[in-house]
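Shown here: my_file_32.tsv, TSV, C-alpha atoms and all ligand atoms.
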```
chain	number	residue	atom	x	y	z
A	8	VAL	CA	61.27	59.14	98.09
A	9	ALA	CA	62.24	57.04	101.08
A	10	LYS	CA	64.99	59.54	101.89
A	11	ALA	CA	62.41	62.20	102.60
A	12	ALA	CA	61.38	60.29	105.71
A	13	GLY	CA	64.65	61.22	107.38
A	14	LYS	CA	68.16	59.85	107.88
A	15	GLY	CA	68.44	56.25	108.95
A	16	LYS	CA	64.76	55.58	108.50
A	17	TYR	CA	63.44	53.12	106.02
A	18	VAL	CA	60.05	53.48	104.52
A	19	VAL	CA	58.46	50.26	103.41
A	20	PHE	CA	55.77	50.64	100.88
A	21	GLU	CA	53.66	48.50	98.64
A	22	PRO	CA	54.67	48.38	94.97
A	23	VAL	CA	51.29	49.88	94.12
A	24	MET	CA	52.00	52.87	96.29
A	25	GLY	CA	55.42	53.26	94.68
A	26	GLU	CA	53.79	53.29	91.31
A	27	ARG	CA	51.36	55.93	92.38
A	28	ILE	CA	54.14	58.15	93.67
A	29	ARG	CA	56.08	57.67	90.45
A	30	ASP	CA	52.93	58.52	88.48
A	31	ARG	CA	52.59	61.74	90.40
A	32	GLU	CA	56.21	62.64	89.73
A	33	TYR	CA	55.67	62.16	86.00
A	34	LEU	CA	52.48	64.14	86.13
A	35	LYS	CA	54.28	66.94	87.93
A	36	ALA	CA	57.03	67.08	85.29
A	37	ASP	CA	54.46	67.01	82.48
A	38	LEU	CA	52.41	69.75	84.11
A	39	ARG	CA	55.51	71.88	84.46
A	40	ALA	CA	56.17	71.38	80.73
A	41	ALA	CA	52.55	72.19	79.87
A	42	LEU	CA	52.89	75.45	81.78
A	43	GLN	CA	55.86	76.41	79.63
A	44	THR	CA	53.85	76.64	76.43
A	45	MET	CA	50.29	76.65	77.86
A	46	ASP	CA	49.16	75.19	74.53
A	47	ASP	CA	47.55	72.17	76.13
A	48	LEU	CA	45.88	74.00	78.98
A	49	PHE	CA	42.32	75.12	78.35
A	50	VAL	CA	39.71	77.03	80.27
A	51	PHE	CA	36.18	75.72	79.80
A	52	TYR	CA	33.11	77.66	80.88
A	53	GLN	CA	29.80	76.61	82.36
A	54	PRO	CA	26.92	79.08	82.72
A	55	ILE	CA	25.17	79.89	85.98
A	56	VAL	CA	21.58	80.96	85.43
A	57	ASP	CA	19.06	82.99	87.44
A	58	ILE	CA	16.03	80.73	87.96
A	59	ARG	CA	13.51	83.57	87.75
A	60	THR	CA	14.86	85.65	84.86
A	61	ARG	CA	16.65	82.73	83.11
A	62	LYS	CA	19.54	85.07	82.40
A	63	VAL	CA	23.17	83.92	82.57
A	64	THR	CA	24.57	85.80	85.58
A	65	ALA	CA	28.03	84.21	85.50
A	66	ARG	CA	30.16	81.53	83.91
A	67	GLU	CA	32.47	79.33	85.94
A	68	ALA	CA	35.98	78.87	84.56
A	69	LEU	CA	37.04	75.21	84.75
A	70	LEU	CA	40.56	74.10	83.90
A	71	ARG	CA	41.18	71.34	81.38
A	72	TRP	CA	44.49	69.73	80.49
A	73	TYR	CA	45.10	67.81	77.31
A	74	HIS	CA	47.97	65.43	77.99
A	75	PRO	CA	49.84	64.24	74.86
A	76	ASP	CA	49.74	60.55	75.93
A	77	ARG	CA	46.90	60.38	78.40
A	78	GLY	CA	44.28	62.55	76.78
A	79	TRP	CA	42.09	64.84	78.87
A	80	ILE	CA	43.06	64.90	82.52
A	81	SER	CA	40.52	66.07	85.08
A	82	PRO	CA	41.35	68.94	87.43
A	83	VAL	CA	40.37	66.60	90.26
A	84	GLU	CA	43.54	64.71	89.38
A	85	PHE	CA	46.02	67.46	88.51
A	86	ILE	CA	45.05	70.31	90.86
A	87	PRO	CA	46.31	68.35	93.92
A	88	VAL	CA	49.58	67.71	92.07
A	89	ALA	CA	49.84	71.41	91.26
A	90	GLU	CA	49.13	72.29	94.89
A	91	GLU	CA	51.81	70.10	96.38
A	92	SER	CA	54.45	71.16	93.82
A	93	GLY	CA	53.95	74.90	93.91
A	94	LEU	CA	52.78	74.84	90.29
A	95	ILE	CA	49.37	76.05	91.46
A	96	GLU	CA	50.74	79.60	91.49
A	97	PRO	CA	51.59	79.86	87.76
A	98	LEU	CA	48.57	77.69	86.95
A	99	GLY	CA	46.30	79.98	88.96
A	100	ARG	CA	47.81	83.00	87.25
A	101	PHE	CA	47.10	81.43	83.85
A	102	VAL	CA	43.44	80.73	84.67
A	103	LEU	CA	42.86	84.17	86.14
A	104	HIS	CA	44.35	85.88	83.15
A	105	ARG	CA	42.57	83.76	80.55
A	106	ALA	CA	39.23	83.97	82.36
A	107	CYS	CA	39.37	87.75	82.72
A	108	ALA	CA	40.46	88.18	79.09
A	109	ASP	CA	37.60	86.00	77.84
A	110	ALA	CA	35.01	87.64	80.10
A	111	ALA	CA	36.06	91.09	78.95
A	112	LYS	CA	34.78	90.09	75.48
A	113	TRP	CA	31.43	88.67	76.58
A	114	GLU	CA	28.64	90.80	75.24
A	115	ASP	CA	26.10	89.85	77.89
A	116	GLY	CA	28.25	91.28	80.68
A	117	ALA	CA	28.06	88.10	82.77
A	118	ARG	CA	30.57	87.62	85.56
A	119	VAL	CA	33.34	85.08	85.45
A	120	ALA	CA	33.93	82.78	88.42
A	121	VAL	CA	37.45	81.48	89.05
A	122	ASN	CA	38.27	78.66	91.48
A	123	VAL	CA	41.10	79.23	93.92
A	124	SER	CA	42.85	76.64	96.11
A	125	ALA	CA	43.89	77.01	99.73
A	126	ALA	CA	47.52	76.92	98.60
A	127	GLN	CA	47.01	80.16	96.68
A	128	PHE	CA	46.15	82.15	99.79
A	129	GLY	CA	48.24	83.94	102.30
A	130	ASN	CA	51.47	84.76	100.47
A	131	GLY	CA	50.30	88.01	98.92
A	132	MET	CA	50.46	86.59	95.39
A	133	LEU	CA	46.74	86.03	94.91
A	134	THR	CA	45.71	89.65	95.25
A	135	GLU	CA	48.64	90.72	93.10
A	136	ASN	CA	47.72	88.22	90.39
A	137	VAL	CA	44.08	89.31	90.51
A	138	ARG	CA	45.02	92.97	90.31
A	139	GLU	CA	47.33	92.29	87.39
A	140	ALA	CA	44.77	90.17	85.50
A	141	LEU	CA	42.13	92.89	85.91
A	142	MET	CA	44.49	95.62	84.83
A	143	GLU	CA	45.85	93.81	81.80
A	144	THR	CA	42.45	92.72	80.53
A	145	GLY	CA	40.44	95.77	81.53
A	146	LEU	CA	37.74	93.63	83.17
A	147	GLN	CA	35.63	95.50	85.74
A	148	PRO	CA	36.52	94.07	89.18
A	149	ASP	CA	32.88	93.40	90.08
A	150	ARG	CA	32.67	91.04	87.11
A	151	LEU	CA	35.20	88.71	88.71
A	152	GLU	CA	34.16	86.22	91.34
A	153	ILE	CA	36.58	84.09	93.32
A	154	GLU	CA	35.29	80.65	94.39
A	155	VAL	CA	36.69	79.16	97.59
A	156	THR	CA	35.73	75.88	99.25
A	157	GLU	CA	35.10	75.48	102.95
A	158	THR	CA	38.00	73.08	103.14
A	159	ALA	CA	40.27	75.91	101.98
A	160	LEU	CA	38.89	78.17	104.72
A	161	LEU	CA	39.79	75.62	107.33
A	162	SER	CA	43.40	75.18	106.32
A	163	GLY	CA	44.60	77.32	109.19
A	164	GLU	CA	48.09	77.85	107.80
A	165	HIS	CA	46.88	80.17	105.06
A	166	ASP	CA	45.71	83.68	105.83
A	167	VAL	CA	42.46	83.45	103.93
A	168	ILE	CA	40.72	86.28	105.81
A	169	GLY	CA	43.45	88.77	105.02
A	170	ASP	CA	43.21	87.94	101.33
A	171	PHE	CA	39.42	88.23	101.39
A	172	GLY	CA	39.79	91.77	102.69
A	173	ARG	CA	42.27	92.69	99.98
A	174	LEU	CA	40.18	91.11	97.22
A	175	ARG	CA	37.05	92.89	98.39
A	176	LYS	CA	38.90	96.17	98.47
A	177	LEU	CA	39.63	95.65	94.77
A	178	GLY	CA	35.88	95.18	94.25
A	179	VAL	CA	36.07	91.46	93.49
A	180	ARG	CA	33.27	89.17	94.68
A	181	ILE	CA	33.70	86.01	96.73
A	182	ALA	CA	31.69	82.78	96.55
A	183	LEU	CA	31.66	79.83	98.95
A	184	ASP	CA	31.96	76.68	96.82
A	185	ASP	CA	30.69	73.14	97.49
A	186	PHE	CA	28.70	74.15	100.56
A	187	GLY	CA	27.45	71.13	102.46
A	188	THR	CA	30.50	68.96	101.87
A	189	GLY	CA	33.39	68.92	104.30
A	190	TYR	CA	32.99	70.56	107.66
A	191	SER	CA	30.18	72.92	106.83
A	192	SER	CA	29.49	75.42	109.48
A	193	LEU	CA	27.12	78.31	109.81
A	194	ALA	CA	29.94	80.09	111.58
A	195	HIS	CA	31.75	80.38	108.25
A	196	LEU	CA	28.82	82.22	106.74
A	197	ARG	CA	28.91	84.76	109.51
A	198	ALA	CA	32.68	85.12	109.76
A	199	TYR	CA	33.36	85.66	106.05
A	200	PRO	CA	31.75	88.22	103.78
A	201	PHE	CA	30.45	86.00	100.98
A	202	ASP	CA	28.45	87.28	98.03
A	203	LYS	CA	27.32	83.83	96.99
A	204	ILE	CA	26.84	80.34	98.41
A	205	LYS	CA	27.07	77.39	96.06
A	206	ILE	CA	25.26	74.32	97.38
A	207	ASP	CA	27.13	71.19	96.40
A	208	GLY	CA	25.67	69.06	93.64
A	209	THR	CA	25.45	65.92	95.77
A	210	PHE	CA	22.95	67.68	98.07
A	211	VAL	CA	21.04	69.10	95.16
A	212	ARG	CA	20.62	65.74	93.45
A	213	ASP	CA	19.81	63.89	96.69
A	214	ALA	CA	17.20	66.53	97.55
A	215	VAL	CA	14.82	64.84	95.10
A	216	THR	CA	14.74	61.56	97.01
A	217	ARG	CA	15.86	62.49	100.51
A	218	PRO	CA	13.83	64.85	102.69
A	219	ASP	CA	16.85	65.56	104.91
A	220	CYS	CA	18.86	66.80	101.93
A	221	ALA	CA	15.91	68.86	100.73
A	222	ALA	CA	15.74	70.40	104.20
A	223	VAL	CA	19.41	71.39	104.02
A	224	VAL	CA	18.92	72.99	100.61
A	225	LYS	CA	15.92	74.93	101.92
A	226	ALA	CA	17.72	76.04	105.07
A	227	VAL	CA	20.68	77.38	103.07
A	228	ALA	CA	18.36	79.10	100.56
A	229	ASP	CA	16.40	80.74	103.40
A	230	LEU	CA	19.58	81.84	105.10
A	231	GLY	CA	20.93	83.25	101.84
A	232	ARG	CA	17.80	85.25	101.28
A	233	ARG	CA	17.92	86.73	104.78
A	234	LEU	CA	21.62	87.54	104.50
A	235	GLY	CA	21.18	89.00	101.03
A	236	VAL	CA	23.45	86.33	99.57
A	237	THR	CA	22.81	84.59	96.24
A	238	THR	CA	22.37	80.82	96.53
A	239	VAL	CA	23.36	78.63	93.60
A	240	ALA	CA	22.30	74.99	93.28
A	241	GLU	CA	25.21	73.13	91.67
A	242	GLY	CA	24.95	69.91	89.68
A	243	VAL	CA	21.38	70.35	88.41
A	244	GLU	CA	21.05	67.55	85.86
A	245	THR	CA	17.32	67.05	85.37
A	246	ALA	CA	14.04	68.99	85.28
A	247	GLU	CA	13.18	67.26	88.54
A	248	HIS	CA	16.30	68.66	90.23
A	249	LEU	CA	15.40	72.10	88.94
A	250	ALA	CA	11.83	71.86	90.23
A	251	ARG	CA	13.09	70.83	93.66
A	252	VAL	CA	15.68	73.55	94.13
A	253	THR	CA	13.22	76.15	92.82
A	254	GLU	CA	10.72	74.92	95.37
A	255	GLU	CA	13.29	75.14	98.16
A	256	GLY	CA	14.09	78.72	97.21
A	257	CYS	CA	17.52	78.75	95.55
A	258	SER	CA	18.11	81.77	93.36
A	259	GLU	CA	20.37	80.36	90.66
A	260	ILE	CA	21.35	77.03	89.10
A	261	GLN	CA	24.33	75.45	87.39
A	262	GLY	CA	24.53	72.00	85.83
A	263	TYR	CA	24.30	69.69	82.87
A	264	LEU	CA	20.58	70.47	82.47
A	265	ILE	CA	21.54	73.96	81.29
A	266	ARG	CA	24.90	73.23	79.74
A	267	ARG	CA	28.05	71.18	80.16
A	268	PRO	CA	31.35	73.05	80.50
A	269	ALA	CA	32.59	73.99	77.02
A	270	PRO	CA	35.64	75.80	75.61
A	271	GLY	CA	35.54	79.50	74.90
A	272	LYS	CA	35.19	80.70	71.31
A	273	ALA	CA	38.93	80.94	70.65
A	274	ASP	CA	39.58	77.33	71.74
A	275	ALA	CA	36.52	75.61	70.26
A	276	THR	CA	38.14	74.51	66.99
A	277	ARG	CA	41.24	73.10	68.62
A	278	VAL	CA	39.19	71.20	71.22
A	279	ASP	CA	37.03	69.74	68.43
A	280	GLU	CA	40.19	68.60	66.65
A	281	ILE	CA	41.55	66.97	69.79
A	282	ASN	CA	38.30	65.15	70.42
A	283	ARG	CA	38.13	63.93	66.82
A	284	LEU	CA	41.70	62.60	67.14
A	285	LEU	CA	40.87	60.83	70.41
A	286	ARG	CA	37.79	59.24	68.83
A	287	GLN	CA	39.86	57.95	65.92
A	288	GLN	CA	42.47	56.52	68.29
A	289	ARG	CA	39.78	54.79	70.31
A	290	GLU	CA	38.16	53.30	67.23
A	291	ALA	CA	41.52	52.13	65.92
A	292	ALA	CA	42.40	50.46	69.23
B	1	LIG	P1	33.86	72.88	91.37
B	1	LIG	O1	34.47	74.21	91.51
B	1	LIG	O2	32.84	72.51	92.38
B	1	LIG	O3	33.27	72.80	89.89
B	1	LIG	C1	32.06	72.16	89.56
B	1	LIG	C2	32.32	70.77	89.01
B	1	LIG	O4	31.08	70.10	88.77
B	1	LIG	C3	33.03	70.80	87.64
B	1	LIG	O5	33.87	69.67	87.57
B	1	LIG	C4	31.87	70.66	86.68
B	1	LIG	O6	32.25	70.17	85.41
B	1	LIG	C5	31.00	69.69	87.43
B	1	LIG	N1	29.58	69.76	87.04
B	1	LIG	C6	28.92	70.80	86.50
B	1	LIG	N2	27.62	70.50	86.32
B	1	LIG	C7	27.45	69.23	86.73
B	1	LIG	C8	26.31	68.34	86.79
B	1	LIG	O7	25.18	68.66	86.44
B	1	LIG	N3	26.53	67.09	87.31
B	1	LIG	C9	27.77	66.68	87.73
B	1	LIG	N4	27.89	65.44	88.19
B	1	LIG	N5	28.86	67.50	87.70
B	1	LIG	C10	28.69	68.75	87.20
B	1	LIG	P2	35.35	69.76	87.00
B	1	LIG	O8	35.38	70.71	85.86
B	1	LIG	O9	35.83	68.37	86.77
B	1	LIG	O10	36.17	70.40	88.18
B	1	LIG	C11	36.31	69.72	89.40
B	1	LIG	C12	36.90	70.60	90.47
B	1	LIG	O11	38.24	70.95	90.14
B	1	LIG	C13	36.17	71.93	90.63
B	1	LIG	O12	35.00	71.74	91.41
B	1	LIG	C14	37.24	72.74	91.33
B	1	LIG	O13	37.25	72.46	92.70
B	1	LIG	C15	38.52	72.20	90.71
B	1	LIG	N6	38.96	73.14	89.67
B	1	LIG	C16	38.56	73.25	88.38
B	1	LIG	N7	39.22	74.27	87.75
B	1	LIG	C17	40.04	74.82	88.69
B	1	LIG	C18	40.97	75.92	88.68
B	1	LIG	O14	41.16	76.64	87.68
B	1	LIG	N8	41.65	76.17	89.85
B	1	LIG	C19	41.45	75.42	90.97
B	1	LIG	N9	42.16	75.74	92.07
B	1	LIG	N10	40.57	74.41	91.02
B	1	LIG	C20	39.87	74.11	89.89
B	2	MG	MG	33.78	76.04	91.72
B	3	MG	MG	31.41	73.46	93.37
B	4	MG	MG	33.86	70.82	93.71
```
How would this structure read if it were set down as C-alpha cells?
Amino acid sequence: VAKAAGKGKYVVFEPVMGERIRDREYLKADLRAALQTMDDLFVFYQPIVDIRTRKVTAREALLRWYHPDRGWISPVEFIPVAEESGLIEPLGRFVLHRACADAAKWEDGARVAVNVSAAQFGNGMLTENVREALMETGLQPDRLEIEVTETALLSGEHDVIGDFGRLRKLGVRIALDDFGTGYSSLAHLRAYPFDKIKIDGTFVRDAVTRPDCAAVVKAVADLGRRLGVTTVAEGVETAEHLARVTEEGCSEIQGYLIRRPAPGKADATRVDEINRLLRQQREAA
C-alpha cells in the first residue's frame, strides 16, 4: 500500500487505518468471488406508491450481499469498494439484468428503478448494458428507470450528459436520487432532463419538526409540478411523515410505512433460510 505513494516516499499510517485498508482488500477479493457465482448477491425491491391513487408505480431495486462469514453487508459498505476496484461494472450489469428480468414478470406493469453510480458513466458501457438487459429480458424500455444522485452528476470526469442522451434515446427514464443532500442545485434540474425527483429521506423526516425542511419539500414539489416531473418523498416511515409530504404536494412516496425492501419471489425462500441460519447463530453465540 505504501508503495502506491511513489518511489522513495514513506507513508506513515495508524494501525487502525492499516486495518481498514486490509479490510477493504479482503472485501474486494470476496466481492470478486461473489460475482463469479452470483449466488450470494440478491436484488431486493421496495415499492414506490402514488399518494392519490395508492397504486405501485415502480419498485426500486436494491442490492444485497450475503457474505459467508459476515452475514448481510449493506450496499453503503460494498458499493464504494466496487466503485474503486472496477467491480461496479459487472455488478451493475448483474443488477440491471436481474431487475429487468424480474420486472418483465410483474403483472401490475410497474416500472423498475435501478441505481447507477458515477463510475458507471462515460465509458459507453452503461448504455450497452442497458440495451442488452432490455433486449434479453424483453422489458419495455419505458418500464426501466435509472436513478442517479447529484453527487454523481458533479463528478466532472464522467460524461453523464452524453449517457443521459443515449439512455433517453432508448426510451429509458431518468430519476434524480437523494435530492437535497450534497450540493443540490436548481441548475441541475434545468440542465438535465429528469422524469422524477426523489427527495431525500432525511428532509422528508425532518419536515415534520422543522419548518425549513418542510419548506424545501414544498418548493421541490411545486417545482416538480410546474416542470411536469414526478416528485417522490423517500424514507416515509410514519403516518405523520405521509401527512406532511402529502400536504406539501409530493406526488409519490417510498418508505418503511409502505414496505421495507424485500427479495423477489424467486429469492424469497433462500433469503428466509439465510435469516433463519443467522438467527440460530446469534442465539447460539
Ligand atoms: P438509495 O438509492 O437512496 O436507496 C434508498 C435507501 O433507503 C435504501 O437503502 C433503502 O433500504 C432505504 N430506505 C427505504 N425506506 C426507508 C425508510 O423509510 N427509512 C429509512 N431510514 N431508510 C429507508 P439501502 O438498500 O441500504 O441502499 C443504500 C444505498 O446504496 C442506495 O441509496 C443506493 O445509493 C446504493 N445502492 C443500493 N443498490 C445499489 C445498486 O444496485 N447500484 C448502486 N450503484 N448503488 C446501489
Ligand atoms: Mg435510489
Ligand atoms: Mg435515495
Ligand atoms: Mg441514498
Query raised in the report: From the list A:Arg277, A:Lys176, A:Lys205, A:His104, which residue is nearest ligand MG 3 (chain B) when using all atoms listed in the file?
Result: A:Lys205
Query - Pairwise distance for atom CA of A:Val63 and atom CA of A:Ala117, rounded to one decimal in Å - result: 6.4 Å
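Residues in contact with ligand MG 2 (chain B) comprise Glu67, Ala68, Leu69, Ala120, Val121, Asn122, Val123, Ile153, Glu154, Val155, Thr156, Ala182, Leu183, Asp184, Asp185 and Lys205 of chain A, where contact means an atom-to-atom distance of at most 9 Å counting all atoms listed in the file.
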Residues of chain A that have any atom at most 6 Å from an atom of ligand LIG 1 (chain B): could you tabulate them with the shortest-distance atom pair and the distance in Å to one decimal, using all atoms listed in the file, ordered by chain and increasing number, as a Markdown table?
```
| residue | atom | partner | partner_atom | distance |
| --- | --- | --- | --- | --- |
| A:Leu69 | CA | B:LIG1 | N7 | 3.8 |
| A:Leu70 | CA | B:LIG1 | N7 | 4.1 |
| A:Ser81 | CA | B:LIG1 | O9 | 5.5 |
| A:Pro82 | CA | B:LIG1 | O11 | 4.6 |
| A:Val83 | CA | B:LIG1 | O11 | 4.8 |
| A:Val102 | CA | B:LIG1 | O14 | 5.6 |
| A:Asn122 | CA | B:LIG1 | N8 | 4.5 |
| A:Val123 | CA | B:LIG1 | N9 | 4.1 |
| A:Ser124 | CA | B:LIG1 | N9 | 4.2 |
| A:Asp185 | CA | B:LIG1 | O2 | 5.6 |
| A:Gly242 | CA | B:LIG1 | O7 | 3.5 |
| A:Val243 | CA | B:LIG1 | O7 | 4.6 |
| A:Glu244 | CA | B:LIG1 | O7 | 4.3 |
| A:Gly262 | CA | B:LIG1 | O7 | 3.5 |
| A:Tyr263 | CA | B:LIG1 | O7 | 3.8 |
| A:Pro268 | CA | B:LIG1 | O6 | 5.8 |
```
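If you measure from each of A:Ala273, A:Ile80, A:Ile86, A:Ala41 to ligand MG 4 (chain B) using all atoms listed in the file, the closest one turns out to be A:Ile86.
Between atom CA of A:Leu264 and atom CA of A:Pro54 the separation is 10.7 Å.
Using all atoms listed in the file, the nearest neighbour of ligand MG 4 (chain B) within the list A:Gly208, A:Leu161, A:Gly271, A:Ile260 is A:Gly208.
Using all atoms listed in the file, the nearest neighbour of ligand MG 4 (chain B) within the list A:Gly256, A:Gly116, A:Pro97, A:Gly187 is A:Gly187.
Remark: for A:Ala250, the closest of the candidate residues A:Val211, A:Ile55, A:Ala140, A:Leu160 is A:Val211 (distances computed over all atoms listed in the file).
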**Report entry** Computed interatomic separation between atom CA of A:Ile206 and atom CA of A:Ala108 (Å)
**Finding:** 27.5 Å
Please supply stretch 26-35 of chain A, rebuilt with all heavy atoms, as a PDB file, keeping the file's coordinate frame.
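Okay, this is what ended up in part_24.pdb:
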```pdb
ATOM      1  N   GLU A  26      54.230  52.928  92.643  1.00  0.00           N
ATOM      2  CA  GLU A  26      53.790  53.290  91.310  1.00  0.00           C
ATOM      3  C   GLU A  26      53.023  54.592  91.324  1.00  0.00           C
ATOM      4  O   GLU A  26      53.180  55.433  90.439  1.00  0.00           O
ATOM      5  CB  GLU A  26      52.854  52.200  90.773  1.00  0.00           C
ATOM      6  CG  GLU A  26      53.415  51.463  89.577  1.00  0.00           C
ATOM      7  CD  GLU A  26      52.675  50.160  89.363  1.00  0.00           C
ATOM      8  OE1 GLU A  26      51.456  50.239  89.123  1.00  0.00           O
ATOM      9  OE2 GLU A  26      53.287  49.089  89.476  1.00  0.00           O
ATOM     10  N   ARG A  27      52.186  54.723  92.317  1.00  0.00           N
ATOM     11  CA  ARG A  27      51.360  55.930  92.380  1.00  0.00           C
ATOM     12  C   ARG A  27      52.228  57.171  92.590  1.00  0.00           C
ATOM     13  O   ARG A  27      52.007  58.201  91.985  1.00  0.00           O
ATOM     14  CB  ARG A  27      50.335  55.798  93.526  1.00  0.00           C
ATOM     15  CG  ARG A  27      49.148  56.684  93.303  1.00  0.00           C
ATOM     16  CD  ARG A  27      48.056  56.389  94.318  1.00  0.00           C
ATOM     17  NE  ARG A  27      47.626  55.001  94.328  1.00  0.00           N
ATOM     18  CZ  ARG A  27      47.252  54.349  95.428  1.00  0.00           C
ATOM     19  NH1 ARG A  27      47.281  54.952  96.590  1.00  0.00           N
ATOM     20  NH2 ARG A  27      46.855  53.108  95.366  1.00  0.00           N
ATOM     21  N   ILE A  28      53.244  57.017  93.428  1.00  0.00           N
ATOM     22  CA  ILE A  28      54.140  58.150  93.670  1.00  0.00           C
ATOM     23  C   ILE A  28      54.898  58.497  92.400  1.00  0.00           C
ATOM     24  O   ILE A  28      55.028  59.655  92.038  1.00  0.00           O
ATOM     25  CB  ILE A  28      55.115  57.829  94.834  1.00  0.00           C
ATOM     26  CG1 ILE A  28      54.337  57.756  96.148  1.00  0.00           C
ATOM     27  CG2 ILE A  28      56.225  58.877  94.915  1.00  0.00           C
ATOM     28  CD1 ILE A  28      55.119  57.201  97.306  1.00  0.00           C
ATOM     29  N   ARG A  29      55.374  57.440  91.695  1.00  0.00           N
ATOM     30  CA  ARG A  29      56.080  57.670  90.450  1.00  0.00           C
ATOM     31  C   ARG A  29      55.173  58.359  89.440  1.00  0.00           C
ATOM     32  O   ARG A  29      55.558  59.303  88.768  1.00  0.00           O
ATOM     33  CB  ARG A  29      56.595  56.344  89.897  1.00  0.00           C
ATOM     34  CG  ARG A  29      57.857  56.487  89.089  1.00  0.00           C
ATOM     35  CD  ARG A  29      58.657  55.193  89.038  1.00  0.00           C
ATOM     36  NE  ARG A  29      57.810  54.037  88.852  1.00  0.00           N
ATOM     37  CZ  ARG A  29      57.778  52.999  89.679  1.00  0.00           C
ATOM     38  NH1 ARG A  29      58.534  52.974  90.742  1.00  0.00           N
ATOM     39  NH2 ARG A  29      56.992  51.973  89.442  1.00  0.00           N
ATOM     40  N   ASP A  30      53.924  57.903  89.351  1.00  0.00           N
ATOM     41  CA  ASP A  30      52.930  58.520  88.480  1.00  0.00           C
ATOM     42  C   ASP A  30      52.804  60.010  88.739  1.00  0.00           C
ATOM     43  O   ASP A  30      52.759  60.812  87.825  1.00  0.00           O
ATOM     44  CB  ASP A  30      51.558  57.885  88.765  1.00  0.00           C
ATOM     45  CG  ASP A  30      51.188  56.895  87.679  1.00  0.00           C
ATOM     46  OD1 ASP A  30      52.088  56.515  86.913  1.00  0.00           O
ATOM     47  OD2 ASP A  30      50.013  56.524  87.625  1.00  0.00           O
ATOM     48  N   ARG A  31      52.736  60.342  90.011  1.00  0.00           N
ATOM     49  CA  ARG A  31      52.590  61.740  90.400  1.00  0.00           C
ATOM     50  C   ARG A  31      53.802  62.553  89.988  1.00  0.00           C
ATOM     51  O   ARG A  31      53.682  63.696  89.589  1.00  0.00           O
ATOM     52  CB  ARG A  31      52.379  61.849  91.910  1.00  0.00           C
ATOM     53  CG  ARG A  31      50.930  61.846  92.316  1.00  0.00           C
ATOM     54  CD  ARG A  31      50.832  61.822  93.817  1.00  0.00           C
ATOM     55  NE  ARG A  31      50.393  63.103  94.355  1.00  0.00           N
ATOM     56  CZ  ARG A  31      49.120  63.400  94.557  1.00  0.00           C
ATOM     57  NH1 ARG A  31      48.172  62.571  94.224  1.00  0.00           N
ATOM     58  NH2 ARG A  31      48.773  64.560  95.089  1.00  0.00           N
ATOM     59  N   GLU A  32      54.987  61.946  90.118  1.00  0.00           N
ATOM     60  CA  GLU A  32      56.210  62.640  89.730  1.00  0.00           C
ATOM     61  C   GLU A  32      56.198  62.936  88.227  1.00  0.00           C
ATOM     62  O   GLU A  32      56.566  64.020  87.800  1.00  0.00           O
ATOM     63  CB  GLU A  32      57.450  61.805  90.087  1.00  0.00           C
ATOM     64  CG  GLU A  32      57.731  61.730  91.583  1.00  0.00           C
ATOM     65  CD  GLU A  32      57.851  63.101  92.250  1.00  0.00           C
ATOM     66  OE1 GLU A  32      58.499  63.991  91.667  1.00  0.00           O
ATOM     67  OE2 GLU A  32      57.270  63.281  93.335  1.00  0.00           O
ATOM     68  N   TYR A  33      55.784  61.942  87.442  1.00  0.00           N
ATOM     69  CA  TYR A  33      55.670  62.160  86.000  1.00  0.00           C
ATOM     70  C   TYR A  33      54.672  63.252  85.689  1.00  0.00           C
ATOM     71  O   TYR A  33      54.912  64.126  84.861  1.00  0.00           O
ATOM     72  CB  TYR A  33      55.243  60.859  85.289  1.00  0.00           C
ATOM     73  CG  TYR A  33      56.347  59.844  85.137  1.00  0.00           C
ATOM     74  CD1 TYR A  33      56.145  58.518  85.467  1.00  0.00           C
ATOM     75  CD2 TYR A  33      57.587  60.221  84.634  1.00  0.00           C
ATOM     76  CE1 TYR A  33      57.159  57.578  85.323  1.00  0.00           C
ATOM     77  CE2 TYR A  33      58.608  59.298  84.488  1.00  0.00           C
ATOM     78  CZ  TYR A  33      58.381  57.978  84.838  1.00  0.00           C
ATOM     79  OH  TYR A  33      59.383  57.059  84.693  1.00  0.00           O
ATOM     80  N   LEU A  34      53.555  63.172  86.371  1.00  0.00           N
ATOM     81  CA  LEU A  34      52.480  64.140  86.130  1.00  0.00           C
ATOM     82  C   LEU A  34      52.965  65.550  86.439  1.00  0.00           C
ATOM     83  O   LEU A  34      52.671  66.508  85.725  1.00  0.00           O
ATOM     84  CB  LEU A  34      51.277  63.780  87.012  1.00  0.00           C
ATOM     85  CG  LEU A  34      49.893  64.129  86.451  1.00  0.00           C
ATOM     86  CD1 LEU A  34      49.687  63.503  85.095  1.00  0.00           C
ATOM     87  CD2 LEU A  34      48.807  63.675  87.418  1.00  0.00           C
ATOM     88  N   LYS A  35      53.721  65.657  87.514  1.00  0.00           N
ATOM     89  CA  LYS A  35      54.280  66.940  87.930  1.00  0.00           C
ATOM     90  C   LYS A  35      55.192  67.507  86.842  1.00  0.00           C
ATOM     91  O   LYS A  35      55.083  68.677  86.454  1.00  0.00           O
ATOM     92  CB  LYS A  35      55.075  66.736  89.231  1.00  0.00           C
ATOM     93  CG  LYS A  35      55.095  67.915  90.156  1.00  0.00           C
ATOM     94  CD  LYS A  35      55.874  67.601  91.421  1.00  0.00           C
ATOM     95  CE  LYS A  35      55.123  66.656  92.356  1.00  0.00           C
ATOM     96  NZ  LYS A  35      55.909  66.354  93.572  1.00  0.00           N
TER      97      LYS A  35
END
```
